[in-house]
$ cat input.pdb   # PDB, C-alpha atoms and all ligand atoms
ATOM      1  CA  HIS A  24      17.049  -4.279   9.770  1.00  0.00           C
ATOM      2  CA  LEU A  25      13.513  -3.604   8.582  1.00  0.00           C
ATOM      3  CA  SER A  26      10.219  -3.767  10.452  1.00  0.00           C
ATOM      4  CA  LYS A  27       8.119  -6.864   9.686  1.00  0.00           C
ATOM      5  CA  ARG A  28       5.774  -4.604   7.724  1.00  0.00           C
ATOM      6  CA  LEU A  29       8.524  -3.156   5.502  1.00  0.00           C
ATOM      7  CA  ALA A  30      10.153  -6.587   5.138  1.00  0.00           C
ATOM      8  CA  THR A  31       6.830  -7.852   3.789  1.00  0.00           C
ATOM      9  CA  VAL A  32       6.780  -4.972   1.301  1.00  0.00           C
ATOM     10  CA  ALA A  33      10.434  -5.611   0.368  1.00  0.00           C
ATOM     11  CA  GLN A  34       9.859  -9.245  -0.611  1.00  0.00           C
ATOM     12  CA  PHE A  35       7.785  -8.079  -3.604  1.00  0.00           C
ATOM     13  CA  VAL A  36      10.519  -5.833  -5.040  1.00  0.00           C
ATOM     14  CA  PRO A  37      11.978  -7.827  -7.951  1.00  0.00           C
ATOM     15  CA  GLU A  38      15.723  -8.493  -8.072  1.00  0.00           C
ATOM     16  CA  ASN A  39      17.649  -5.709  -9.883  1.00  0.00           C
ATOM     17  CA  SER A  40      14.738  -3.290  -9.867  1.00  0.00           C
ATOM     18  CA  ARG A  41      14.931   0.399 -10.450  1.00  0.00           C
ATOM     19  CA  LEU A  42      12.815   1.320  -7.466  1.00  0.00           C
ATOM     20  CA  ALA A  43      10.864   4.422  -6.485  1.00  0.00           C
ATOM     21  CA  ASP A  44       9.871   4.651  -2.827  1.00  0.00           C
ATOM     22  CA  ILE A  45       7.311   7.443  -2.519  1.00  0.00           C
ATOM     23  CA  GLY A  46       6.851   8.838   0.980  1.00  0.00           C
ATOM     24  CA  SER A  47      10.148   7.232   1.897  1.00  0.00           C
ATOM     25  CA  ASP A  48      10.471   9.041   5.260  1.00  0.00           C
ATOM     26  CA  HIS A  49      14.030   8.083   6.336  1.00  0.00           C
ATOM     27  CA  ALA A  50      14.683   5.965   3.211  1.00  0.00           C
ATOM     28  CA  PHE A  51      14.952   2.751   5.262  1.00  0.00           C
ATOM     29  CA  LEU A  52      13.507   0.574   2.498  1.00  0.00           C
ATOM     30  CA  PRO A  53      15.812   1.647  -0.377  1.00  0.00           C
ATOM     31  CA  ILE A  54      18.838   1.665   1.962  1.00  0.00           C
ATOM     32  CA  TYR A  55      18.096  -1.895   3.073  1.00  0.00           C
ATOM     33  CA  LEU A  56      17.470  -3.177  -0.474  1.00  0.00           C
ATOM     34  CA  SER A  57      20.566  -1.419  -1.720  1.00  0.00           C
ATOM     35  CA  GLN A  58      22.752  -2.907   1.039  1.00  0.00           C
ATOM     36  CA  GLN A  59      21.368  -6.341   0.156  1.00  0.00           C
ATOM     37  CA  LYS A  60      22.319  -5.606  -3.495  1.00  0.00           C
ATOM     38  CA  ARG A  61      18.728  -6.339  -4.431  1.00  0.00           C
ATOM     39  CA  ILE A  62      18.168  -3.182  -6.504  1.00  0.00           C
ATOM     40  CA  GLN A  63      20.040  -1.411  -9.303  1.00  0.00           C
ATOM     41  CA  ALA A  64      18.968   2.084  -8.342  1.00  0.00           C
ATOM     42  CA  ALA A  65      16.344   3.913  -6.329  1.00  0.00           C
ATOM     43  CA  VAL A  66      14.583   7.230  -6.066  1.00  0.00           C
ATOM     44  CA  ALA A  67      13.413   8.039  -2.542  1.00  0.00           C
ATOM     45  CA  GLY A  68      10.665  10.677  -2.718  1.00  0.00           C
ATOM     46  CA  GLU A  69       9.584  12.665   0.313  1.00  0.00           C
ATOM     47  CA  VAL A  70       7.336  15.726   0.534  1.00  0.00           C
ATOM     48  CA  ILE A  71       8.319  16.972   4.006  1.00  0.00           C
ATOM     49  CA  THR A  72      11.668  18.745   4.395  1.00  0.00           C
ATOM     50  CA  GLY A  73      12.656  17.209   7.776  1.00  0.00           C
ATOM     51  CA  PRO A  74      12.412  13.544   6.754  1.00  0.00           C
ATOM     52  CA  PHE A  75      13.857  14.408   3.317  1.00  0.00           C
ATOM     53  CA  GLU A  76      16.992  15.839   4.954  1.00  0.00           C
ATOM     54  CA  ILE A  77      17.344  12.862   7.299  1.00  0.00           C
ATOM     55  CA  ALA A  78      16.894  10.460   4.363  1.00  0.00           C
ATOM     56  CA  HIS A  79      19.561  12.354   2.430  1.00  0.00           C
ATOM     57  CA  GLN A  80      21.932  12.190   5.416  1.00  0.00           C
ATOM     58  CA  HIS A  81      21.324   8.448   5.945  1.00  0.00           C
ATOM     59  CA  VAL A  82      22.056   7.719   2.299  1.00  0.00           C
ATOM     60  CA  GLN A  83      25.328   9.718   2.576  1.00  0.00           C
ATOM     61  CA  ASN A  84      26.281   7.941   5.823  1.00  0.00           C
ATOM     62  CA  TYR A  85      25.893   4.549   4.156  1.00  0.00           C
ATOM     63  CA  GLY A  86      27.780   5.767   1.084  1.00  0.00           C
ATOM     64  CA  LEU A  87      24.856   4.873  -1.146  1.00  0.00           C
ATOM     65  CA  GLN A  88      24.424   8.212  -2.928  1.00  0.00           C
ATOM     66  CA  THR A  89      25.293   6.733  -6.338  1.00  0.00           C
ATOM     67  CA  THR A  90      22.481   4.164  -5.979  1.00  0.00           C
ATOM     68  CA  ILE A  91      19.813   6.124  -4.104  1.00  0.00           C
ATOM     69  CA  ASP A  92      18.665   9.542  -5.251  1.00  0.00           C
ATOM     70  CA  VAL A  93      16.684  11.313  -2.517  1.00  0.00           C
ATOM     71  CA  ARG A  94      14.246  13.835  -3.985  1.00  0.00           C
ATOM     72  CA  LEU A  95      11.991  16.399  -2.331  1.00  0.00           C
ATOM     73  CA  GLY A  96       8.531  16.620  -3.868  1.00  0.00           C
ATOM     74  CA  ASP A  97       4.881  15.692  -3.851  1.00  0.00           C
ATOM     75  CA  GLY A  98       4.037  12.109  -4.736  1.00  0.00           C
ATOM     76  CA  LEU A  99       5.027  10.875  -8.198  1.00  0.00           C
ATOM     77  CA  GLU A 100       6.100  14.328  -9.412  1.00  0.00           C
ATOM     78  CA  VAL A 101       9.680  13.475  -8.344  1.00  0.00           C
ATOM     79  CA  LEU A 102       9.759  10.861 -11.134  1.00  0.00           C
ATOM     80  CA  SER A 103      10.606  11.390 -14.777  1.00  0.00           C
ATOM     81  CA  PRO A 104       8.913   8.722 -16.920  1.00  0.00           C
ATOM     82  CA  THR A 105      11.511   9.202 -19.674  1.00  0.00           C
ATOM     83  CA  ASP A 106      14.741   9.470 -17.646  1.00  0.00           C
ATOM     84  CA  ASP A 107      14.424   7.350 -14.507  1.00  0.00           C
ATOM     85  CA  GLY A 108      13.473   3.975 -15.995  1.00  0.00           C
ATOM     86  CA  ILE A 109      11.619   3.044 -12.825  1.00  0.00           C
ATOM     87  CA  ASP A 110      10.094  -0.444 -12.907  1.00  0.00           C
ATOM     88  CA  CYS A 111       8.783  -0.768  -9.370  1.00  0.00           C
ATOM     89  CA  ILE A 112       7.046   1.791  -7.168  1.00  0.00           C
ATOM     90  CA  VAL A 113       6.435   1.376  -3.439  1.00  0.00           C
ATOM     91  CA  ILE A 114       3.935   3.571  -1.597  1.00  0.00           C
ATOM     92  CA  ALA A 115       3.726   2.350   1.987  1.00  0.00           C
ATOM     93  CA  GLY A 116       2.657   3.412   5.446  1.00  0.00           C
ATOM     94  CA  MET A 117      -0.140   5.825   4.487  1.00  0.00           C
ATOM     95  CA  GLY A 118      -3.922   5.741   4.344  1.00  0.00           C
ATOM     96  CA  GLY A 119      -5.509   4.162   1.289  1.00  0.00           C
ATOM     97  CA  LEU A 120      -7.143   7.401   0.213  1.00  0.00           C
ATOM     98  CA  LEU A 121      -3.833   9.270   0.259  1.00  0.00           C
ATOM     99  CA  ILE A 122      -2.274   6.480  -1.811  1.00  0.00           C
ATOM    100  CA  THR A 123      -5.040   6.717  -4.430  1.00  0.00           C
ATOM    101  CA  GLU A 124      -4.692  10.532  -4.496  1.00  0.00           C
ATOM    102  CA  ILE A 125      -0.948  10.244  -5.100  1.00  0.00           C
ATOM    103  CA  LEU A 126      -1.542   7.769  -7.950  1.00  0.00           C
ATOM    104  CA  GLU A 127      -4.405   9.800  -9.423  1.00  0.00           C
ATOM    105  CA  ARG A 128      -2.484  13.089  -9.382  1.00  0.00           C
ATOM    106  CA  GLY A 129       0.735  11.552 -10.647  1.00  0.00           C
ATOM    107  CA  GLN A 130      -0.416   9.484 -13.604  1.00  0.00           C
ATOM    108  CA  GLN A 131       1.553  11.522 -16.147  1.00  0.00           C
ATOM    109  CA  HIS A 132       4.752  10.622 -14.256  1.00  0.00           C
ATOM    110  CA  LEU A 133       4.264   6.888 -14.829  1.00  0.00           C
ATOM    111  CA  ASN A 134       5.877   5.098 -17.788  1.00  0.00           C
ATOM    112  CA  GLY A 135       3.185   2.406 -17.787  1.00  0.00           C
ATOM    113  CA  HIS A 136       5.540  -0.470 -16.976  1.00  0.00           C
ATOM    114  CA  GLU A 137       5.816  -0.153 -13.228  1.00  0.00           C
ATOM    115  CA  ARG A 138       4.868  -2.785 -10.709  1.00  0.00           C
ATOM    116  CA  LEU A 139       3.056  -1.051  -7.846  1.00  0.00           C
ATOM    117  CA  ILE A 140       3.565  -2.298  -4.285  1.00  0.00           C
ATOM    118  CA  LEU A 141       1.026  -0.537  -2.094  1.00  0.00           C
ATOM    119  CA  GLN A 142       0.701  -0.866   1.665  1.00  0.00           C
ATOM    120  CA  ALA A 143      -2.224   1.126   3.019  1.00  0.00           C
ATOM    121  CA  ASN A 144      -2.644   1.360   6.792  1.00  0.00           C
ATOM    122  CA  ILE A 145      -6.416   1.789   6.391  1.00  0.00           C
ATOM    123  CA  THR A 146      -9.035   1.887   3.584  1.00  0.00           C
ATOM    124  CA  GLU A 147      -7.390  -0.833   1.484  1.00  0.00           C
ATOM    125  CA  PRO A 148     -10.562  -1.395  -0.637  1.00  0.00           C
ATOM    126  CA  ALA A 149     -10.206   2.124  -2.103  1.00  0.00           C
ATOM    127  CA  VAL A 150      -6.728   1.162  -3.329  1.00  0.00           C
ATOM    128  CA  ARG A 151      -8.018  -2.015  -5.015  1.00  0.00           C
ATOM    129  CA  GLU A 152     -10.852  -0.080  -6.623  1.00  0.00           C
ATOM    130  CA  TRP A 153      -8.445   2.541  -7.983  1.00  0.00           C
ATOM    131  CA  LEU A 154      -6.231  -0.194  -9.436  1.00  0.00           C
ATOM    132  CA  MET A 155      -9.195  -1.954 -11.063  1.00  0.00           C
ATOM    133  CA  ASN A 156     -10.409   1.298 -12.626  1.00  0.00           C
ATOM    134  CA  HIS A 157      -6.976   2.289 -13.974  1.00  0.00           C
ATOM    135  CA  GLY A 158      -5.907  -0.796 -15.907  1.00  0.00           C
ATOM    136  CA  TYR A 159      -4.092  -2.759 -13.215  1.00  0.00           C
ATOM    137  CA  GLN A 160      -4.476  -6.287 -12.014  1.00  0.00           C
ATOM    138  CA  ILE A 161      -3.621  -7.447  -8.529  1.00  0.00           C
ATOM    139  CA  ILE A 162      -0.977 -10.139  -8.948  1.00  0.00           C
ATOM    140  CA  ASP A 163      -0.232 -10.834  -5.297  1.00  0.00           C
ATOM    141  CA  GLU A 164      -1.083  -9.794  -1.752  1.00  0.00           C
ATOM    142  CA  ASP A 165       0.201 -10.420   1.736  1.00  0.00           C
ATOM    143  CA  ILE A 166      -0.848  -9.561   5.264  1.00  0.00           C
ATOM    144  CA  VAL A 167       1.262  -9.075   8.359  1.00  0.00           C
ATOM    145  CA  ALA A 168       0.545  -8.404  12.027  1.00  0.00           C
ATOM    146  CA  GLU A 169       2.906  -6.031  13.794  1.00  0.00           C
ATOM    147  CA  GLU A 170       2.328  -4.575  17.248  1.00  0.00           C
ATOM    148  CA  ASN A 171      -1.378  -3.767  17.378  1.00  0.00           C
ATOM    149  CA  HIS A 172      -2.132  -3.516  13.706  1.00  0.00           C
ATOM    150  CA  ILE A 173      -2.614  -5.880  10.781  1.00  0.00           C
ATOM    151  CA  TYR A 174      -1.193  -4.542   7.518  1.00  0.00           C
ATOM    152  CA  GLU A 175      -2.075  -5.588   3.986  1.00  0.00           C
ATOM    153  CA  VAL A 176       0.293  -5.350   1.037  1.00  0.00           C
ATOM    154  CA  ILE A 177      -1.119  -5.176  -2.492  1.00  0.00           C
ATOM    155  CA  VAL A 178       1.012  -5.884  -5.572  1.00  0.00           C
ATOM    156  CA  ALA A 179      -0.323  -4.768  -8.953  1.00  0.00           C
ATOM    157  CA  GLU A 180       0.860  -4.636 -12.548  1.00  0.00           C
ATOM    158  CA  PRO A 181      -0.584  -2.987 -15.648  1.00  0.00           C
ATOM    159  CA  THR A 182      -2.775  -5.280 -17.737  1.00  0.00           C
ATOM    160  CA  VAL A 183      -4.262  -5.019 -21.214  1.00  0.00           C
ATOM    161  CA  THR A 184      -7.267  -7.150 -20.296  1.00  0.00           C
ATOM    162  CA  PRO A 185      -9.304  -5.199 -17.743  1.00  0.00           C
ATOM    163  CA  VAL A 186     -10.147  -7.037 -14.524  1.00  0.00           C
ATOM    164  CA  ARG A 187     -13.447  -6.629 -12.663  1.00  0.00           C
ATOM    165  CA  TYR A 188     -13.339  -7.433  -8.986  1.00  0.00           C
ATOM    166  CA  THR A 189     -16.438  -8.308  -6.976  1.00  0.00           C
ATOM    167  CA  GLU A 190     -17.432  -6.326  -3.901  1.00  0.00           C
ATOM    168  CA  SER A 191     -15.942  -9.106  -1.736  1.00  0.00           C
ATOM    169  CA  GLN A 192     -12.674  -9.144  -3.674  1.00  0.00           C
ATOM    170  CA  LEU A 193     -12.334  -5.367  -3.230  1.00  0.00           C
ATOM    171  CA  LEU A 194     -13.055  -5.644   0.488  1.00  0.00           C
ATOM    172  CA  PHE A 195     -10.951  -8.685   1.379  1.00  0.00           C
ATOM    173  CA  GLY A 196      -8.428  -8.737  -1.447  1.00  0.00           C
ATOM    174  CA  PRO A 197      -8.686 -11.213  -4.347  1.00  0.00           C
ATOM    175  CA  VAL A 198      -5.510 -13.085  -3.381  1.00  0.00           C
ATOM    176  CA  LEU A 199      -5.944 -12.879   0.399  1.00  0.00           C
ATOM    177  CA  MET A 200      -9.491 -14.262   0.318  1.00  0.00           C
ATOM    178  CA  GLN A 201      -8.230 -17.211  -1.722  1.00  0.00           C
ATOM    179  CA  LYS A 202      -5.248 -17.984   0.490  1.00  0.00           C
ATOM    180  CA  GLN A 203      -6.787 -16.949   3.848  1.00  0.00           C
ATOM    181  CA  PRO A 204      -3.519 -16.760   5.822  1.00  0.00           C
ATOM    182  CA  THR A 205      -3.611 -16.766   9.659  1.00  0.00           C
ATOM    183  CA  ASP A 206      -3.341 -12.977  10.061  1.00  0.00           C
ATOM    184  CA  PHE A 207      -6.178 -12.562   7.556  1.00  0.00           C
ATOM    185  CA  ILE A 208      -8.454 -14.844   9.599  1.00  0.00           C
ATOM    186  CA  THR A 209      -7.465 -12.898  12.737  1.00  0.00           C
ATOM    187  CA  LYS A 210      -8.249  -9.556  11.091  1.00  0.00           C
ATOM    188  CA  TRP A 211     -11.676 -10.558   9.827  1.00  0.00           C
ATOM    189  CA  THR A 212     -12.610 -12.393  13.017  1.00  0.00           C
ATOM    190  CA  GLN A 213     -11.899  -9.122  14.868  1.00  0.00           C
ATOM    191  CA  MET A 214     -13.812  -7.121  12.266  1.00  0.00           C
ATOM    192  CA  ARG A 215     -16.801  -9.448  12.540  1.00  0.00           C
ATOM    193  CA  THR A 216     -16.907  -8.992  16.329  1.00  0.00           C
ATOM    194  CA  LYS A 217     -16.652  -5.199  15.966  1.00  0.00           C
ATOM    195  CA  ARG A 218     -19.440  -5.105  13.382  1.00  0.00           C
ATOM    196  CA  GLN A 219     -21.651  -7.348  15.556  1.00  0.00           C
ATOM    197  CA  HIS A 220     -21.182  -4.970  18.517  1.00  0.00           C
ATOM    198  CA  LEU A 221     -21.873  -1.951  16.332  1.00  0.00           C
ATOM    199  CA  LEU A 222     -25.007  -3.534  14.907  1.00  0.00           C
ATOM    200  CA  GLY A 223     -26.222  -4.326  18.439  1.00  0.00           C
ATOM    201  CA  GLN A 224     -25.709  -0.698  19.445  1.00  0.00           C
ATOM    202  CA  LEU A 225     -27.421   0.637  16.323  1.00  0.00           C
ATOM    203  CA  GLU A 226     -30.398  -1.639  16.836  1.00  0.00           C
ATOM    204  CA  GLN A 227     -30.819  -0.369  20.406  1.00  0.00           C
ATOM    205  CA  ALA A 228     -30.547   3.282  19.420  1.00  0.00           C
ATOM    206  CA  GLN A 229     -33.860   5.111  18.948  1.00  0.00           C
ATOM    207  CA  SER A 230     -32.910   6.935  15.804  1.00  0.00           C
ATOM    208  CA  ALA A 231     -30.253   4.822  14.085  1.00  0.00           C
ATOM    209  CA  PRO A 232     -30.240   5.687  10.366  1.00  0.00           C
ATOM    210  CA  VAL A 233     -31.672   2.761   8.384  1.00  0.00           C
ATOM    211  CA  ALA A 234     -28.980   3.107   5.719  1.00  0.00           C
ATOM    212  CA  LYS A 235     -26.219   2.722   8.325  1.00  0.00           C
ATOM    213  CA  VAL A 236     -27.849  -0.375   9.835  1.00  0.00           C
ATOM    214  CA  GLN A 237     -28.181  -1.920   6.378  1.00  0.00           C
ATOM    215  CA  GLU A 238     -24.567  -1.110   5.526  1.00  0.00           C
ATOM    216  CA  VAL A 239     -23.269  -2.834   8.659  1.00  0.00           C
ATOM    217  CA  GLN A 240     -25.592  -5.813   8.090  1.00  0.00           C
ATOM    218  CA  HIS A 241     -24.363  -6.105   4.533  1.00  0.00           C
ATOM    219  CA  GLU A 242     -20.709  -6.021   5.539  1.00  0.00           C
ATOM    220  CA  LEU A 243     -21.337  -8.642   8.217  1.00  0.00           C
ATOM    221  CA  GLN A 244     -22.994 -10.823   5.632  1.00  0.00           C
ATOM    222  CA  LEU A 245     -19.981 -10.506   3.300  1.00  0.00           C
ATOM    223  CA  ILE A 246     -17.620 -11.395   6.171  1.00  0.00           C
ATOM    224  CA  GLU A 247     -19.697 -14.421   7.141  1.00  0.00           C
ATOM    225  CA  GLU A 248     -19.937 -15.666   3.540  1.00  0.00           C
ATOM    226  CA  MET A 249     -16.200 -15.261   3.073  1.00  0.00           C
ATOM    227  CA  MET A 250     -15.347 -17.119   6.294  1.00  0.00           C
ATOM    228  CA  ALA A 251     -17.883 -19.903   5.758  1.00  0.00           C
TER
HETATM  229  N1  LIG A 301       7.070   4.625   3.495  1.00  0.00           N
HETATM  230  C1  LIG A 301       7.621   4.594   4.849  1.00  0.00           C
HETATM  231  C2  LIG A 301       7.165   3.358   5.576  1.00  0.00           C
HETATM  232  O1  LIG A 301       6.293   2.661   5.045  1.00  0.00           O
HETATM  233  O2  LIG A 301       7.666   3.097   6.667  1.00  0.00           O
HETATM  234  C3  LIG A 301       7.224   5.836   5.627  1.00  0.00           C
HETATM  235  C4  LIG A 301       5.787   5.926   6.032  1.00  0.00           C
HETATM  236  S1  LIG A 301       5.428   7.479   6.790  1.00  0.00           S
HETATM  237  C5  LIG A 301       4.191   7.045   7.929  1.00  0.00           C
HETATM  238  C6  LIG A 301       4.604   8.336   5.490  1.00  0.00           C
HETATM  239  C7  LIG A 301       5.531   9.288   4.782  1.00  0.00           C
HETATM  240  O3  LIG A 301       4.923   9.712   3.578  1.00  0.00           O
HETATM  241  C8  LIG A 301       5.834  10.525   5.602  1.00  0.00           C
HETATM  242  O4  LIG A 301       7.226  10.696   5.686  1.00  0.00           O
HETATM  243  C9  LIG A 301       5.160  11.643   4.806  1.00  0.00           C
HETATM  244  O5  LIG A 301       5.830  12.869   4.883  1.00  0.00           O
HETATM  245  C10 LIG A 301       5.201  11.084   3.404  1.00  0.00           C
HETATM  246  N2  LIG A 301       4.196  11.635   2.483  1.00  0.00           N
HETATM  247  C11 LIG A 301       2.899  11.917   2.737  1.00  0.00           C
HETATM  248  N3  LIG A 301       2.305  12.424   1.648  1.00  0.00           N
HETATM  249  C12 LIG A 301       3.243  12.445   0.672  1.00  0.00           C
HETATM  250  C13 LIG A 301       3.245  12.892  -0.670  1.00  0.00           C
HETATM  251  N4  LIG A 301       2.170  13.403  -1.240  1.00  0.00           N
HETATM  252  N5  LIG A 301       4.393  12.781  -1.371  1.00  0.00           N
HETATM  253  C14 LIG A 301       5.507  12.264  -0.811  1.00  0.00           C
HETATM  254  N6  LIG A 301       5.558  11.846   0.458  1.00  0.00           N
HETATM  255  C15 LIG A 301       4.443  11.949   1.198  1.00  0.00           C
END

$ encode --input "input.pdb" --output "structure tokens" --more "lines below"
Ligand code: SAM
Amino acid sequence: HLSKRLATVAQFVPENSRLADIGSDHAFLPIYLSQQKRIQAAVAGEVITGPFEIAHQHVQNYGLQTTIDVRLGDGLEVLSPTDDGIDCIVIAGMGGLLITEILERGQQHLNGHERLILQANITEPAVREWLMNHGYQIIDEDIVAEENHIYEVIVAEPTVTPVRYTESQLLFGPVLMQKQPTDFITKWTQMRTKRQHLLGQLEQAQSAPVAKVQEVQHELQLIEEMMA
């Protein structure tokens, strides 16, 4: 049984994939997909020894050690672009900046044919910007509310024709702003209220930096245009 968030990630893993789950923690995602016979093979990468050992133990307990290879290491360095034949990489449950750092540092470990499924807890626009600047296009997105947070999932594939996203597309997500699902409306309604409060506070403050006021005004304007 997966959390709603990980189930949303899982739906984008193509049937019969050779999956890499980077920052796998307890390897819940590859174990689930493997039990469902949805993947051919998986590498579960984890940089911290404790979770790595637990992941290894879980995989043994489920008897999945021929399908799931648990590897200790930093980011994409656990992958061999020539030997593993990975076609789908999940990086989920981290900040957007950490996700872009992992991708940036690990580029020589990619074979250039992987679908990326990225679920950042915060700073999603940085992930979209990285993808745009490194030859990927965003082919799908989803959004899911769980407990007190709303999570976005970004699915990208390499493209030969570079894509340029607008500021709004980077902020809201090119697919999400088209589809505007319920959780998306909820998220940006909340964000609008927060920005309005912040702007009110800044305007009352004696020495609010002009640049900060303008930044918040600009973001509010983008939110209002998008929701109009
Ligand atoms: N991916 C799982 C999920 O979405 O539920 C686990 C998310 S957990 C909050 C983040 C995991 O990423 C932690 O287990 C952490 O140790 C691992 N991690 C952080 N930086 C990493 C890196 N550079 N390489 C591999 N794993 C990393």

$ closest_residue --input "input.pdb" --among "A:Ile112, A:Ile140, A:Ile208, A:Leu221" --to "Glu247 of chain A" --atoms "all atoms listed in the file"
A:Ile208

$ residues_near_ligand --input "input.pdb" --ligand "ligand LIG 301 (chain A)" --cutoff "9 Å" --atoms "all atoms listed in the file" --output "PyMOL selection string"
chain A and resi 26+28-29+32+44-52+68-75+95-101+113-118+121-122+124-125+142-144

$ resolve_selection --input "input.pdb" --expression "the PyMOL selection byres (((chain A and resi 238-240) around 12) and not hetatm)" --output "PyMOL selection string"
chain A and resi 214-226+231-237+241-247

$ residues_near_point --input "input.pdb" --point "(15.4, 0.2, -4.6)" --cutoff "10 Å" --atoms "all atoms listed in the file" --output "number ranges by chain"
A: 33, 36-44, 50, 52-58, 60-67, 90-92, 109-113

$ atom_distance --input "input.pdb" --atom1 "atom CA of Glu152 of chain A" --atom2 "atom CA of Pro197 of chain A"
11.6 Å

$ residues_around --input "input.pdb" --residues "Ala168 of chain A" --least-positions-apart "3" --cutoff "8 Å" --atoms "all atoms listed in the file" --output "NGL selection string"
:A and (28 or 171-174 or 206)

$ resolve_selection --input "input.pdb" --expression "the PyMOL selection byres (((chain A and resi 176) around 6) and not hetatm)" --output "ChimeraX atom specification"
/A:141-142,164-165,175,177

$ atom_distance --input "input.pdb" --atom1 "atom CA of Tyr188 of chain A" --atom2 "atom CA of Ile166 of chain A"
19.1 Å

$ residues_near_point --input "input.pdb" --point "(-11.3, -8.8, 0.2)" --cutoff "9 Å" --atoms "only C-alpha atoms" --output "list in words"
Glu147, Pro148, Thr189, Glu190, Ser191, Gln192, Leu193, Leu194, Phe195, Gly196, Pro197, Val198, Leu199, Met200 and Met249 of chain A

$ residues_around --input "input.pdb" --residues "Pro181 of chain A" --least-positions-apart "5" --cutoff "7 Å" --atoms "only C-alpha atoms" --output "PyMOL selection string"
chain A and resi 135-136+158-160

$ atom_distance --input "input.pdb" --atom1 "atom CA of Gly119 of chain A" --atom2 "atom CA of Gln59 of chain A"
28.9 Å

$ closest_residue --input "input.pdb" --among "A:Leu133, A:Ala30, A:Leu139, A:Ile145" --to "Ile162 of chain A" --atoms "all atoms listed in the file"
A:Leu139
